[in-house]
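Listing of run_11.txt, compact mmCIF, C-alpha atoms
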# COMPACT_ATOMS: atom_id res chain seq x y z
CA MET A 18 -57.17 -107.41 92.04
CA ASP A 19 -53.87 -105.73 92.73
CA THR A 20 -50.94 -107.99 93.29
CA PRO A 21 -50.03 -107.85 96.97
CA GLU A 22 -46.81 -106.02 97.73
CA PRO A 23 -43.92 -108.27 98.71
CA LYS A 24 -43.65 -108.58 102.44
CA GLN A 25 -40.89 -106.47 103.90
CA THR A 26 -39.13 -107.25 107.09
CA GLY A 27 -39.07 -104.59 109.77
CA TRP A 28 -35.45 -103.82 108.96
CA GLN A 29 -36.16 -103.35 105.21
CA LYS A 30 -39.14 -101.13 106.04
CA ALA A 31 -36.97 -98.99 108.26
CA MET A 32 -34.32 -98.68 105.50
CA THR A 33 -36.93 -97.66 102.86
CA LEU A 34 -38.33 -95.12 105.25
CA LEU A 35 -34.87 -93.77 105.99
CA ARG A 36 -34.07 -93.50 102.26
CA GLU A 37 -37.33 -91.66 101.56
CA GLU A 38 -36.76 -89.29 104.43
CA THR A 39 -33.17 -88.45 103.44
CA THR A 40 -33.25 -88.10 99.60
CA GLY A 41 -33.82 -84.36 99.97
CA ILE A 42 -30.66 -83.89 102.02
CA HIS A 43 -27.77 -82.49 99.97
CA PRO A 44 -24.70 -81.88 102.15
CA ARG A 45 -23.12 -79.48 99.63
CA LEU A 46 -26.34 -77.43 99.49
CA ILE A 47 -26.56 -77.33 103.27
CA ALA A 48 -22.93 -76.23 103.46
CA LEU A 49 -23.57 -73.55 100.82
CA ASN A 50 -26.63 -72.21 102.66
CA ALA A 51 -24.72 -72.20 105.93
CA MET A 52 -21.85 -70.24 104.38
CA VAL A 53 -23.82 -67.63 102.45
CA GLY A 54 -26.40 -67.38 105.23
CA PHE A 55 -24.07 -65.00 107.03
CA LEU A 56 -23.84 -62.64 104.07
CA PRO A 57 -26.31 -59.78 104.28
CA ARG A 58 -28.81 -59.61 101.43
CA HIS A 59 -27.88 -57.48 98.40
CA GLN A 60 -24.21 -57.59 99.42
CA ALA A 61 -21.38 -59.69 97.96
CA GLN A 62 -23.44 -60.46 94.88
CA ALA A 63 -20.59 -61.88 92.79
CA THR A 64 -19.36 -63.96 95.76
CA ARG A 65 -22.75 -65.62 96.05
CA ALA A 66 -22.55 -66.68 92.40
CA ARG A 67 -18.99 -68.01 92.95
CA MET A 68 -20.20 -69.99 95.97
CA LEU A 69 -23.09 -71.43 93.94
CA ALA A 70 -20.56 -72.55 91.29
CA LEU A 71 -18.29 -74.00 93.99
CA ALA A 72 -21.16 -76.05 95.36
CA GLY A 73 -21.52 -77.70 91.95
CA PHE A 74 -24.11 -75.69 90.03
CA ARG A 75 -23.15 -74.35 86.60
CA VAL A 76 -23.11 -70.57 86.78
CA GLY A 77 -21.79 -68.28 84.02
CA GLN A 78 -19.27 -65.47 84.36
CA GLY A 79 -20.47 -62.10 85.62
CA THR A 80 -23.70 -63.43 87.11
CA ARG A 81 -24.78 -61.73 90.30
CA LEU A 82 -27.11 -62.98 93.03
CA ALA A 83 -28.66 -60.56 95.51
CA GLY A 84 -29.77 -63.37 97.82
CA GLN A 85 -29.49 -67.12 98.04
CA PRO A 86 -32.43 -68.61 96.07
CA LYS A 87 -34.48 -71.28 97.80
CA ILE A 88 -33.48 -74.46 96.00
CA ASN A 89 -35.37 -77.71 96.38
CA GLY A 90 -35.43 -80.85 94.33
CA GLY A 91 -34.68 -84.54 94.08
CA SER A 92 -31.55 -86.58 93.60
CA ASN A 93 -29.70 -84.98 90.66
CA LEU A 94 -30.18 -81.44 91.89
CA PHE A 95 -26.77 -80.05 90.94
CA SER A 96 -26.94 -80.92 87.23
CA ASN A 97 -30.46 -79.49 86.95
CA LEU A 98 -29.60 -75.81 87.19
CA LEU A 99 -27.84 -73.99 84.36
CA ILE A 100 -27.34 -70.24 84.70
CA GLY A 101 -25.78 -68.20 81.88
CA ALA A 102 -23.40 -65.25 82.01
CA ASP A 103 -24.18 -61.71 83.24
CA CYS A 104 -27.51 -62.69 84.82
CA GLU A 105 -29.00 -60.73 87.67
CA ILE A 106 -30.91 -62.78 90.23
CA ASP A 107 -32.64 -60.90 93.02
CA ALA A 108 -33.47 -62.08 96.53
CA ASP A 109 -36.23 -64.51 97.60
CA CYS A 110 -36.38 -66.47 94.34
CA VAL A 111 -37.58 -70.06 94.46
CA LEU A 112 -36.05 -72.60 92.06
CA ASP A 113 -37.72 -76.01 92.05
CA LEU A 114 -35.11 -78.36 90.59
CA GLY A 115 -37.08 -81.56 90.03
CA GLU A 116 -36.22 -81.14 86.34
CA ARG A 117 -33.73 -78.94 84.52
CA ILE A 118 -34.02 -75.15 84.73
CA THR A 119 -32.00 -73.43 82.00
CA ILE A 120 -31.46 -69.70 82.39
CA GLY A 121 -29.80 -67.95 79.43
CA ASP A 122 -27.38 -65.01 79.36
CA ARG A 123 -28.25 -61.51 80.63
CA VAL A 124 -31.50 -62.70 82.23
CA THR A 125 -32.97 -60.64 85.08
CA LEU A 126 -34.95 -62.37 87.82
CA SER A 127 -36.74 -59.81 90.00
CA PRO A 128 -37.41 -60.42 93.71
CA GLY A 129 -39.77 -63.24 94.57
CA VAL A 130 -39.76 -65.06 91.23
CA MET A 131 -40.83 -68.71 91.48
CA ILE A 132 -39.81 -71.23 88.81
CA LEU A 133 -41.53 -74.60 89.19
CA THR A 134 -40.73 -77.88 87.44
CA SER A 135 -42.85 -80.42 89.30
CA THR A 136 -46.59 -80.85 88.90
CA HIS A 137 -49.19 -83.61 89.13
CA GLU A 138 -51.04 -85.69 86.60
CA LEU A 139 -54.79 -84.99 86.64
CA ASP A 140 -56.34 -88.00 88.35
CA ILE A 141 -59.78 -89.25 89.43
CA ARG A 142 -62.23 -86.88 91.09
CA GLU A 143 -61.60 -88.35 94.53
CA HIS A 144 -57.90 -87.48 94.24
CA ARG A 145 -57.26 -84.86 91.54
CA ALA A 146 -53.55 -84.38 92.23
CA GLY A 147 -52.24 -87.64 90.82
CA PRO A 148 -48.68 -88.92 90.37
CA VAL A 149 -45.90 -86.32 90.21
CA GLN A 150 -44.80 -85.17 86.75
CA LEU A 151 -41.63 -83.24 85.96
CA PHE A 152 -41.12 -80.81 83.06
CA PRO A 153 -38.03 -78.68 82.30
CA VAL A 154 -38.18 -74.88 82.14
CA CYS A 155 -36.07 -72.80 79.74
CA ILE A 156 -35.60 -69.04 79.90
CA GLY A 157 -34.13 -67.34 76.83
CA ASP A 158 -31.29 -64.81 76.66
CA GLY A 159 -32.04 -61.30 77.82
CA ALA A 160 -35.47 -62.05 79.29
CA TRP A 161 -36.81 -60.16 82.29
CA LEU A 162 -39.08 -61.89 84.79
CA GLY A 163 -40.97 -59.32 86.85
CA PRO A 164 -41.35 -59.39 90.63
CA ARG A 165 -43.39 -62.24 92.15
CA CYS A 166 -44.18 -63.96 88.85
CA VAL A 167 -44.66 -67.73 88.77
CA ILE A 168 -43.35 -69.86 85.89
CA LEU A 169 -45.21 -73.18 85.75
CA PRO A 170 -43.54 -76.47 84.68
CA GLY A 171 -42.72 -77.06 81.00
CA VAL A 172 -42.79 -73.40 79.98
CA ASN A 173 -40.23 -71.99 77.55
CA ILE A 174 -39.72 -68.25 77.72
CA GLY A 175 -38.34 -66.79 74.50
CA ALA A 176 -35.29 -64.55 74.20
CA GLY A 177 -35.89 -60.92 75.14
CA ALA A 178 -39.37 -61.59 76.55
CA ILE A 179 -40.81 -59.66 79.50
CA VAL A 180 -43.05 -61.24 82.13
CA ASN A 181 -45.02 -58.62 84.05
CA ALA A 182 -45.07 -58.48 87.83
CA GLY A 183 -47.37 -61.01 89.46
CA ALA A 184 -48.03 -62.98 86.26
CA VAL A 185 -48.56 -66.74 86.27
CA VAL A 186 -47.10 -68.17 83.05
CA ASN A 187 -48.70 -71.47 82.05
CA LYS A 188 -47.76 -71.67 78.37
CA ASP A 189 -44.77 -70.80 76.17
CA VAL A 190 -43.89 -67.15 75.68
CA ALA A 191 -42.79 -66.04 72.18
CA PRO A 192 -39.46 -64.17 71.89
CA HIS A 193 -39.58 -60.38 72.30
CA THR A 194 -43.13 -60.19 73.66
CA ARG A 195 -44.53 -58.90 76.92
CA VAL A 196 -46.95 -61.12 78.82
CA GLY A 197 -48.90 -60.48 82.01
CA GLY A 198 -51.89 -61.48 84.12
CA ILE A 199 -53.20 -64.74 85.54
CA PRO A 200 -52.95 -66.81 83.36
CA ALA A 201 -50.37 -64.80 81.40
CA MET A 202 -51.59 -63.33 78.08
CA GLN A 203 -49.58 -61.55 75.39
CA LEU A 204 -49.85 -57.79 75.93
CA GLU A 205 -47.31 -56.33 73.54
CA VAL A 206 -44.84 -57.24 70.79
CA LEU A 207 -41.52 -55.63 71.64
CA LYS A 208 -39.08 -54.07 69.21
CA THR A 209 -36.10 -56.22 68.26
CA ARG A 210 -32.75 -55.20 66.83
CA GLU A 211 -33.96 -56.12 63.31
CA SER A 212 -37.11 -54.04 63.61
CA LEU A 213 -35.11 -51.15 65.10
CA THR A 214 -32.61 -51.03 62.18
CA PRO A 215 -34.42 -51.38 58.83
CA MET B 23 -30.19 -58.62 114.60
CA LEU B 24 -33.79 -57.42 114.73
CA ASP B 25 -34.65 -59.04 111.40
CA LYS B 26 -34.25 -62.40 113.18
CA CYS B 27 -36.95 -61.28 115.60
CA PRO B 28 -40.33 -62.99 114.95
CA PRO B 29 -43.17 -60.74 113.75
CA PHE B 30 -45.33 -59.00 116.35
CA VAL B 31 -42.51 -59.25 118.87
CA ALA B 32 -40.70 -56.12 120.07
CA SER B 33 -42.39 -53.94 117.47
CA ARG B 34 -41.53 -50.81 119.46
CA ALA B 35 -37.86 -51.84 119.47
CA VAL B 36 -37.99 -52.45 115.71
CA THR B 37 -39.57 -49.03 115.09
CA PHE B 38 -37.06 -47.40 117.44
CA ALA B 39 -34.18 -49.11 115.61
CA LEU B 40 -35.48 -47.84 112.27
CA ARG B 41 -35.67 -44.30 113.66
CA ALA B 42 -32.12 -44.70 114.95
CA LEU B 43 -31.01 -45.80 111.47
CA GLY B 44 -32.31 -42.50 110.11
CA VAL B 45 -35.73 -43.39 108.73
CA ARG B 46 -38.11 -40.49 109.33
CA ILE B 47 -41.12 -42.12 110.99
CA GLY B 48 -43.96 -39.98 112.35
CA SER B 49 -45.28 -40.42 115.87
CA ALA B 50 -47.32 -43.54 116.72
CA SER B 51 -46.35 -45.39 113.54
CA VAL B 52 -45.46 -49.04 114.20
CA PHE B 53 -43.59 -51.72 112.29
CA TRP B 54 -44.86 -55.14 113.37
CA GLY B 55 -41.79 -56.81 111.90
CA MET B 56 -38.42 -55.66 110.63
CA PRO B 57 -38.84 -54.53 107.01
CA ARG B 58 -36.08 -55.12 104.49
CA LEU B 59 -34.52 -51.91 103.21
CA VAL B 60 -32.46 -52.32 100.06
CA GLY B 61 -30.64 -49.91 97.79
CA PRO B 62 -27.40 -48.06 97.17
CA GLY B 63 -25.86 -45.71 99.74
CA ASP B 64 -27.91 -44.13 102.47
CA VAL B 65 -31.19 -46.01 102.12
CA ALA B 66 -32.76 -44.84 105.38
CA SER B 67 -32.88 -41.20 104.27
CA ARG B 68 -35.03 -42.09 101.25
CA LEU B 69 -37.88 -43.56 103.29
CA ARG B 70 -40.33 -41.19 104.91
CA ILE B 71 -43.36 -42.34 106.87
CA GLY B 72 -46.19 -40.29 108.37
CA THR B 73 -47.97 -40.59 111.69
CA TYR B 74 -50.28 -43.36 112.96
CA GLY B 75 -49.12 -45.86 110.32
CA GLY B 76 -49.12 -49.62 110.73
CA PHE B 77 -46.76 -51.88 108.83
CA ASN B 78 -47.15 -55.64 108.99
CA ALA B 79 -44.36 -58.22 108.89
CA ARG B 80 -41.82 -58.73 106.07
CA CYS B 81 -42.34 -55.50 104.13
CA PHE B 82 -39.78 -54.90 101.41
CA PHE B 83 -38.59 -51.44 100.39
CA GLU B 84 -36.31 -51.09 97.35
CA LEU B 85 -34.98 -47.62 98.10
CA ASP B 86 -33.23 -46.53 94.93
CA ASP B 87 -35.52 -43.52 95.09
CA GLN B 88 -37.81 -41.75 97.59
CA VAL B 89 -40.67 -43.71 99.11
CA THR B 90 -43.07 -41.30 100.82
CA ILE B 91 -45.90 -42.73 102.89
CA GLY B 92 -48.59 -40.47 104.37
CA ASP B 93 -50.41 -40.51 107.70
CA HIS B 94 -52.76 -43.28 108.91
CA VAL B 95 -51.54 -45.74 106.28
CA ALA B 96 -51.93 -49.48 106.88
CA VAL B 97 -49.68 -51.90 105.00
CA GLY B 98 -50.21 -55.67 104.99
CA GLN B 99 -47.75 -58.55 105.14
CA ASP B 100 -45.15 -59.12 102.40
CA VAL B 101 -45.85 -55.84 100.62
CA MET B 102 -43.15 -54.81 98.14
CA PHE B 103 -42.28 -51.22 97.24
CA LEU B 104 -40.08 -51.21 94.13
CA THR B 105 -38.36 -48.09 92.84
CA ARG B 106 -35.77 -49.49 90.41
CA THR B 107 -36.86 -49.04 86.81
CA ARG B 108 -35.74 -51.26 83.96
CA ASP B 109 -34.81 -50.34 80.40
CA THR B 110 -36.93 -52.67 78.26
CA ALA B 111 -35.87 -51.24 74.89
CA ASN B 112 -32.67 -53.27 74.63
CA PRO B 113 -33.51 -56.64 72.99
CA GLU B 114 -30.24 -58.18 74.26
CA GLN B 115 -31.10 -57.54 77.90
CA ARG B 116 -34.64 -56.53 78.76
CA GLY B 117 -34.08 -56.13 82.48
CA ARG B 118 -31.13 -53.73 82.65
CA ASN B 119 -31.24 -51.08 85.40
CA SER B 120 -32.15 -47.71 83.95
CA GLY B 121 -32.70 -45.51 86.95
CA SER B 122 -35.37 -45.06 89.54
CA ALA B 123 -38.77 -43.50 90.15
CA PRO B 124 -40.31 -42.40 93.47
CA ILE B 125 -43.39 -43.89 95.14
CA GLU B 126 -45.99 -41.88 97.03
CA VAL B 127 -48.75 -43.30 99.18
CA GLY B 128 -51.47 -40.84 100.25
CA ASN B 129 -52.93 -40.33 103.72
CA GLY B 130 -55.25 -43.02 105.02
CA ALA B 131 -54.51 -45.57 102.28
CA TRP B 132 -54.65 -49.27 103.05
CA LEU B 133 -52.53 -51.81 101.17
CA GLY B 134 -53.48 -55.49 101.46
CA ALA B 135 -51.11 -58.39 101.97
CA ARG B 136 -48.66 -59.30 99.17
CA CYS B 137 -49.20 -56.12 97.16
CA VAL B 138 -46.46 -55.03 94.76
CA VAL B 139 -46.15 -51.27 94.24
CA MET B 140 -44.22 -50.59 91.03
CA PRO B 141 -41.82 -47.65 90.45
CA GLY B 142 -43.29 -44.20 89.95
CA VAL B 143 -46.73 -45.06 91.30
CA LYS B 144 -48.80 -42.56 93.30
CA ILE B 145 -51.56 -44.04 95.43
CA GLY B 146 -54.25 -41.48 96.25
CA ALA B 147 -55.45 -40.65 99.76
CA GLY B 148 -58.04 -43.00 101.20
CA SER B 149 -57.61 -45.72 98.58
CA VAL B 150 -57.78 -49.41 99.46
CA ILE B 151 -55.68 -51.95 97.54
CA GLY B 152 -56.76 -55.59 97.86
CA ALA B 153 -54.46 -58.48 98.62
CA SER B 154 -51.80 -59.53 96.07
CA VAL B 155 -52.56 -56.73 93.60
CA VAL B 156 -49.76 -55.40 91.39
CA VAL B 157 -50.12 -51.61 91.35
CA ALA B 158 -48.46 -50.50 88.11
CA LYS B 159 -50.47 -47.32 87.43
CA ASP B 160 -51.41 -44.34 89.57
CA VAL B 161 -54.45 -44.88 91.79
CA ALA B 162 -56.99 -42.06 92.23
CA PRO B 163 -58.08 -41.13 95.79
CA ASN B 164 -60.79 -43.17 97.55
CA ILE B 165 -60.70 -46.14 95.17
CA LEU B 166 -61.02 -49.85 95.99
CA LEU B 167 -58.68 -51.93 93.82
CA MET B 168 -59.15 -55.70 93.98
CA GLY B 169 -57.31 -58.61 92.37
CA THR B 170 -57.53 -60.48 89.09
CA ARG B 171 -60.68 -62.50 88.50
CA SER B 172 -60.27 -66.25 88.65
CA VAL B 173 -61.75 -67.69 85.47
CA SER B 174 -62.93 -71.30 85.28
CA LEU B 175 -60.70 -72.89 82.63
CA ALA B 176 -61.91 -76.48 82.51
CA LYS B 177 -64.87 -78.63 83.51
CA TRP B 178 -64.16 -82.25 84.34
CA ARG B 179 -66.42 -85.16 84.96
File written out as structure tokens:
Amino acid sequence: MDTPEPKQTGWQKAMTLLREETTGIHPRLIALNAMVGFLPRHQAQATRARMLALAGFRVGQGTRLAGQPKINGGSNLFSNLLIGADCEIDADCVLDLGERITIGDRVTLSPGVMILTSTHELDIREHRAGPVQLFPVCIGDGAWLGPRCVILPGVNIGAGAIVNAGAVVNKDVAPHTRVGGIPAMQLEVLKTRESLTP
Amino acid sequence: MLDKCPPFVASRAVTFALRALGVRIGSASVFWGMPRLVGPGDVASRLRIGTYGGFNARCFFELDDQVTIGDHVAVGQDVMFLTRTRDTANPEQRGRNSGSAPIEVGNGAWLGARCVVMPGVKIGAGSVIGASVVVAKDVAPNILLMGTRSVSLAKWR
């Protein structure tokens, strides 16, 4: 038998409910979205990155954002996003910041890229999506994520890797390789600086 | 202003506004929602659309290069036309801009919802592209292209 939950008074219940309903509210994020919401897409790309840094995210020098990414996540949202220098992030990206997303230097995110960090434990057959699990995502320097690709939680993408358009990446990608398809498979080994200069 | 307009509302006004912006749209072609036109300089002049076309909501045109769409073409929701090519040879930065390539869609083609048309692609006349397909290679005329097969990966008790 499960131990019965301690009885809550009506007031405590209301407070728990209120806390649950308001954890997703981040005033700085709302202020940021309100301010950059007026900027037309694909304009003021450096300003968008500055604003993101002002709001409390860590964004490297020379990074440009073509549109405000959709950011959602739990309590420590602002420490969970690290963006390197000279990145190019296109419009309509979705960044799920339940866990840390690390984006290296000179990374290109094409339009509509979705990076996820929260998933579910596999549970009993009556309820397959069990408790929520969080895994960090890391994207290496110089990688290019193609349009509308989906990066699933816990995936590390190596430096200089290419993810084809529309791919769904469910396992780690080796550095300097091209992956594509659903689920993403290795399609090509790309030339590196070492292999270019013997 | 008109991009705040919900889809399927004032589609004639949206199409009229696009014509006013300088997009060459043939007679009786309709945009059911305001598409997003993106690119350097005069983007409207690089988009050319034939007659009797139908474009569903939230289409996205990256107009670094010409996008030519024939007559009687139907385009689904959220379709992306991309013309910016990337230089993948540089190991330090795989996604650097390297130029552009034009897109051509033949007469009578039909593109399903959430398609992505990659730079330099020519879609032949009368071809049908299924939903959420990434078109990276040229498509011959009168072809049906449908998505990736879903493979069963696990069997649980």
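For the choices A:Glu138, A:Glu143, A:Glu116, A:Glu37, the atom-to-atom distance to Leu94 (chain A) is smallest for A:Glu116 when using all atoms listed in the file.
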Write down, as JSON, numbers by chain, each residue of chain A that has any atom within 10 Å of an atom of chain B, counting only C-alpha atoms. {"A": [58, 59, 60, 103, 104, 105, 122, 123, 124, 125, 126, 127, 128, 129, 141, 142, 158, 159, 160, 161, 162, 163, 164, 165, 176, 177, 178, 179, 181, 182, 183, 184, 192, 193, 195, 198, 199, 200, 207, 208, 209, 210, 211, 213]}
Point out the residue among B:Arg106, B:Arg80, B:Lys177, B:Arg68 with the least atom-to-atom distance to Met56 (chain B), counting all atoms listed in the file.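 Going through B:Arg106, B:Arg80, B:Lys177, B:Arg68 one by one, the smallest distance to Met56 (chain B) is for B:Arg80.
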I'd like the contact shell of Ala48 (chain A) - 12 Å cut-off, all atoms listed in the file, skipping same-chain residues fewer than 6 positions apart - returned as a PyMOL selection string. chain A and resi 42+54-55+68-69+71-73
Selection: 9 Å around Ala79 (chain B), only C-alpha atoms, excl. self and same-chain fewer than 5 positions, as a VMD selection string: chain B and resid 28 to 30 53 to 57 98 to 101
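For the atom pair formed by CA of Gly152 (chain B) and CA of Gly75 (chain B), the distance is 17.6 Å, given to one decimal.
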Interatomic distance (Å, one decimal) between CA of Leu82 (chain A) and CA of Leu151 (chain A):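 Atom-to-atom, CA of Leu82 (chain A) and CA of Leu151 (chain A) are spaced 25.9 Å apart.
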Could you pull the residues within 7 Å of Val149 (chain A), counting only C-alpha atoms, minus those fewer than 6 positions along the same chain, as a count of residues only? 4
Would you mind listing what lies within 10 Å of Asn93 (chain A) as an MDAnalysis selection string, with all atoms listed in the file counted and same-chain residues fewer than 2 positions away left out? chainID A and resid 43 90:91 95:98 114:117
Just to be explicit: take each residue in the selection above, keep C-alpha atoms, and write the result as a compact mmCIF listing (two decimals), in the coordinates of the input.
# COMPACT_ATOMS: atom_id res chain seq x y z
CA HIS A 43 -27.77 -82.49 99.97
CA GLY A 90 -35.43 -80.85 94.33
CA GLY A 91 -34.68 -84.54 94.08
CA PHE A 95 -26.77 -80.05 90.94
CA SER A 96 -26.94 -80.92 87.23
CA ASN A 97 -30.46 -79.49 86.95
CA LEU A 98 -29.60 -75.81 87.19
CA LEU A 114 -35.11 -78.36 90.59
CA GLY A 115 -37.08 -81.56 90.03
CA GLU A 116 -36.22 -81.14 86.34
CA ARG A 117 -33.73 -78.94 84.52
Atom-to-atom span, CA of Ile91 (chain B) and CA of Val52 (chain B), Å: 13.0 Å
Using only C-alpha atoms, which residue out of A:Asn50, A:Gln29, A:Leu99, A:Thr64 lies closest to Gln85 (chain A)? A:Asn50
Dump as a list in words all residues having an atom at most 9 Å from (-42.7, -40.5, 108.0), computed in the file's coordinates with all atoms listed in the file.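 Applying the cut-off with all atoms listed in the file, one gets Val45, Arg46, Ile47, Gly48, Ser49, Ser51, Leu69, Arg70, Ile71, Gly72, Thr73, Gly75, Thr90, Ile91, Gly92 and Asp93 of chain B.
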Smallest atom-to-atom distance to Ala135 (chain B): which of B:Gly169, B:Gly63, B:Gly148, B:Gly44, using all atoms listed in the file?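 Selected residue with least distance to Ala135 (chain B): B:Gly169.
Residue nearest Thr105 (chain B) within the list B:Gly134, B:Gly76, B:Gly128, B:Gly121: B:Gly121 [criterion: smallest interatomic distance, all atoms listed in the file].
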